[in-house]
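Encoded as structure tokens, the structure appears first; notes follow it.
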Amino acid sequence: MLFTHDTDLALAGAAALVNTLPGSLPGDHDPDTLTTPDDLARLFTEHGWTGRFDRDPAELEAVRALRPRLRRLWELDEHGVVELVNRLLAESRAVPQLVDHDGVGWHVHATAPDAPLATRMAVEAAIAVIDVVRAGELRRLRLCEADDCDDVVVDLSRNRSRRFCDGGCAARAHTAAYRERTRRASTRV
């Protein structure tokens with residue numbers, strides 16, 4: 001295990017949140033997948049966030065507004081990431097403390113459970129990225145290598161080999177490569 005369980009979860013949750021943004025590449029038709037409180041409820045449950053959850057339009061808009069800021073964690077160099085992490089923590093008045101709940105074991109929370117969801121999401125992502133930066137592993141936060149995808153990837157593989165997002169890009173790339181090999185082989189015959 002490269003990082004602690006809570007760091008892995010927070011990184012995966014942050015990536016999933018960022019990947020709800022609509023695609024921004026030319027010709028990309030990926031829709032915004034965080035448009036309703038139900039979409040937010042699904043994301044909240046799937047990624048194990050805890051604490052206050054209002055399920056209202058104001059909370060949805062606050063979380064939606066956080067997405068571009070968190071995406072910057074995948075785009076900036078180390079110095080820029082550190083500045084953003086520090087800014088997120090300062091804005092949230094984060095006070096890290098060890099907690100143990102839900103059978104997870106000791107882990108860090110830096111906001112009260114009744115803090116707004118967007119604040120907790122920002123702080124959890126920032127705390128997780130602290131571990132990434134301190135371990136010298138910022139290159140594990142990258143963009144999907146598919147030509148038609150700009151989703152973010154958290155590479156937790158041992159050999160840093162993950163190249164594609166969770167959106168099916170790996171399967172498409174492998175299928176395209178197979179078809180190209182097959183086409184080349186058939187033209188040689």
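Letters for chains follow the order of the structure tokens (A, B, ...), residue numbers begin at 1 for each chain, and ligand numbers begin at 1 in the order shown.
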Next on the checklist: Which residues are near Ala58 of chain A? Cut-off 12 Å, only C-alpha atoms, ignore same chain within fewer than 3 positions. Put them as a PyMOL selection string.
Outcome noted: chain A and resi 35-37+40+53-55+61-65+116-118
Store the residues picked out above in a file with N, CA, C and O atoms, as a tab-separated table (two decimals), in the first residue's frame.
```
chain	number	residue	atom	x	y	z
A	35	THR	N	-25.62	17.19	-11.97
A	35	THR	CA	-26.58	18.27	-12.23
A	35	THR	C	-27.76	18.28	-11.28
A	35	THR	O	-28.51	19.26	-11.27
A	36	THR	N	-27.94	17.21	-10.52
A	36	THR	CA	-29.09	17.14	-9.61
A	36	THR	C	-28.65	16.72	-8.21
A	36	THR	O	-27.59	16.10	-8.06
A	37	PRO	N	-29.45	17.01	-7.21
A	37	PRO	CA	-29.15	16.51	-5.87
A	37	PRO	C	-29.04	14.97	-5.83
A	37	PRO	O	-28.25	14.43	-5.06
A	40	LEU	N	-25.59	14.04	-6.81
A	40	LEU	CA	-24.70	14.28	-5.68
A	40	LEU	C	-24.86	13.20	-4.62
A	40	LEU	O	-23.87	12.73	-4.06
A	53	PHE	N	-25.10	16.15	5.16
A	53	PHE	CA	-25.45	16.07	3.74
A	53	PHE	C	-26.85	16.65	3.59
A	53	PHE	O	-27.84	16.04	3.96
A	54	ASP	N	-26.94	17.87	3.07
A	54	ASP	CA	-28.20	18.60	3.00
A	54	ASP	C	-29.10	18.18	1.83
A	54	ASP	O	-30.30	18.38	1.88
A	55	ARG	N	-28.51	17.69	0.76
A	55	ARG	CA	-29.25	17.26	-0.43
A	55	ARG	C	-30.11	18.37	-1.03
A	55	ARG	O	-31.22	18.14	-1.49
A	61	GLU	N	-24.74	23.27	-5.82
A	61	GLU	CA	-24.00	24.34	-6.50
A	61	GLU	C	-22.63	24.58	-5.87
A	61	GLU	O	-21.65	24.83	-6.58
A	62	ALA	N	-22.53	24.49	-4.55
A	62	ALA	CA	-21.23	24.66	-3.89
A	62	ALA	C	-20.26	23.55	-4.29
A	62	ALA	O	-19.08	23.80	-4.55
A	63	VAL	N	-20.75	22.32	-4.37
A	63	VAL	CA	-19.91	21.19	-4.78
A	63	VAL	C	-19.52	21.33	-6.25
A	63	VAL	O	-18.37	21.12	-6.62
A	64	ARG	N	-20.46	21.72	-7.09
A	64	ARG	CA	-20.17	21.92	-8.51
A	64	ARG	C	-19.09	23.00	-8.70
A	64	ARG	O	-18.21	22.86	-9.54
A	65	ALA	N	-19.16	24.05	-7.90
A	65	ALA	CA	-18.18	25.14	-8.00
A	65	ALA	C	-16.79	24.70	-7.55
A	65	ALA	O	-15.79	25.27	-7.99
A	116	PRO	N	-20.07	22.25	5.85
A	116	PRO	CA	-20.68	22.03	4.53
A	116	PRO	C	-19.93	20.97	3.73
A	116	PRO	O	-18.70	20.86	3.81
A	117	LEU	N	-20.66	20.20	2.94
A	117	LEU	CA	-20.08	19.12	2.16
A	117	LEU	C	-18.95	19.60	1.26
A	117	LEU	O	-17.89	18.96	1.20
A	118	ALA	N	-19.13	20.70	0.56
A	118	ALA	CA	-18.07	21.19	-0.33
A	118	ALA	C	-16.80	21.50	0.46
A	118	ALA	O	-15.69	21.23	-0.02
```
Item to check | Residue neighbourhood Leu2 of chain A, 10 Å, only C-alpha atoms, exclusion window fewer than 5 positions, as an NGL selection string | outcome: :A and (7-8 or 131-132 or 135 or 137 or 156-158)
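Using only C-alpha atoms, the shortest contact distance between Arg71 of chain A and any of A:Thr33, A:Gln97, A:Thr20, A:Ser92 is found at A:Thr20.
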Item to check | Filtered DSSP result for segment 15-186 of chain A, state alpha helix (DSSP H), as a ChimeraX atom specification | outcome: /A:15-18,37-46,57-75,78-91,117-134,169-186
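You can rank A:Val153, A:Glu78, A:Arg134, A:Pro31 by their closest distance to Gly13 of chain A using only C-alpha atoms, and at the top of that list sits A:Val153.
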